[in-house]
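Here is the structure we will look at.
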Amino acid sequence: RYVLMNRYMAGIFGIEPGDALGRTTADLMSRYGAAKSDESDKRVLKLRKGLGFYEEEYKDAAGNMRQWLVNKLPLLDAEGEIERIVTVALDIGERKRGELLRLDQRGLGFAQIAQRGFGGFLGLAHFLLAALGRLVAGVAHEVNNPVGISLTVASALERKTAMFTAEVERGELRRSTLNDFLNTSRDASSQLVSNLNRAAELIQSFKQVAADRNYSDQRTFDLGDLT
């Protein structure tokens, strides 16, 4: 049952964020005939770790099919047991439609190359631009993964900090609450550092690719690691 939902996801369900609390995914989606299994949540409980990003699709409140890139991550309590599951869902519908459009454009580009002189050159240029678009979209997709996770973790930590501060101000702080907050802060910090470092590495790699266009120097690299 949901204990927190941001406004964007609540809008997909056609409700206010507060109306989602205490309800299940199947309950929220049954209104428009798209019963949703909680199989992914069960996998998190079984594996006790994040699932990694995977694609998923289902209808929104308006009945439109939406495509998502989803990851589910466990949040542990002070005893190391799974207390909650965080779902990160990136809306990739526009990217999917863009991929189909680029495929159509690529086919058209090859046809122009085969049939017409200068038109063929324009077709090749169009194809190269489409390829560049795919490269940029791929980089953005890879960077979005760690950034999206970091945003979710930071939001959860912000909420936990607000709750902890309120207890301190009321003079109701208990040792168990303090330990829980410290454990949560430690885990969140670790995830933030790890994912933001990953994002920084991806951006640095992209900058290196751009810089390498200007040089012909040979470099030694690990093909396995690169692949």
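Letters for chains follow the order of the structure tokens (A, B, ...), residue numbers begin at 1 for each chain, and ligand numbers begin at 1 in the order shown.
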Long-range neighbours of Glu83 in chain A as a ChimeraX atom specification, 12 Å cut-off, only C-alpha atoms, 5 positions minimum in chain: /A:1,3,44-45,48,73-78,180,184
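For range 7-12 of chain A, the list of residues within 8 Å, based on only C-alpha atoms and with local chain neighbours fewer than 6 positions off taken out, reads A:Ala20, A:Asp60, A:Ala61.
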Distance in Å - CA of Asp222 in chain A versus CA of Asn144 in chain A: 25.2 Å
Spatial neighbours of Val153 in chain A, max dist 9 Å, only C-alpha atoms, sep filter under 6 positions, as a PyMOL selection string: chain A and resi 86+188-189+191-192
Residue selection dump (all heavy atoms) as a short mmCIF file (atom, residue, chain, number, x, y, z; two decimals), in the first residue's frame:
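Saved to part_0.cif:
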data_model
loop_
_atom_site.label_atom_id
_atom_site.label_comp_id
_atom_site.auth_asym_id
_atom_site.auth_seq_id
_atom_site.Cartn_x
_atom_site.Cartn_y
_atom_site.Cartn_z
N VAL A 86 10.78 1.53 -2.82
CA VAL A 86 10.72 2.75 -3.62
C VAL A 86 10.66 2.37 -5.09
O VAL A 86 11.48 1.58 -5.56
CB VAL A 86 11.94 3.66 -3.36
CG1 VAL A 86 11.92 4.85 -4.30
CG2 VAL A 86 11.96 4.13 -1.92
N ALA A 188 21.15 6.34 2.72
CA ALA A 188 20.83 7.33 1.69
C ALA A 188 22.09 8.01 1.17
O ALA A 188 22.25 8.21 -0.04
CB ALA A 188 19.84 8.36 2.24
N SER A 189 22.98 8.37 2.09
CA SER A 189 24.23 9.02 1.68
C SER A 189 25.04 8.12 0.77
O SER A 189 25.61 8.57 -0.24
CB SER A 189 25.06 9.41 2.92
OG SER A 189 24.35 10.31 3.73
N GLN A 191 23.93 5.68 -1.17
CA GLN A 191 23.29 5.58 -2.48
C GLN A 191 23.47 6.86 -3.29
O GLN A 191 23.68 6.80 -4.51
CB GLN A 191 21.80 5.29 -2.31
CG GLN A 191 21.51 3.90 -1.77
CD GLN A 191 20.03 3.58 -1.78
OE1 GLN A 191 19.38 3.60 -2.82
NE2 GLN A 191 19.49 3.28 -0.61
N LEU A 192 23.39 8.00 -2.63
CA LEU A 192 23.56 9.27 -3.33
C LEU A 192 24.96 9.40 -3.90
O LEU A 192 25.14 9.76 -5.07
CB LEU A 192 23.26 10.44 -2.39
CG LEU A 192 21.79 10.69 -2.06
CD1 LEU A 192 21.66 11.72 -0.95
CD2 LEU A 192 21.03 11.15 -3.29
#
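Minimum atom-to-atom distances from A:Gly138, A:Val143, A:Phe164, A:Tyr2 to Gln204 in chain A were compared using only C-alpha atoms, and the lowest value belongs to A:Val143.
Proximity to Ser30 in chain A was assessed for A:Val168, A:Ile15, A:Thr177, A:Lys59 counting only C-alpha atoms; the smallest distance is recorded for A:Lys59.
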Sel. of strand (DSSP E) residues, range 19-97 of chain A, as an NGL selection string: :A and (54-59 or 65-76 or 82-91)
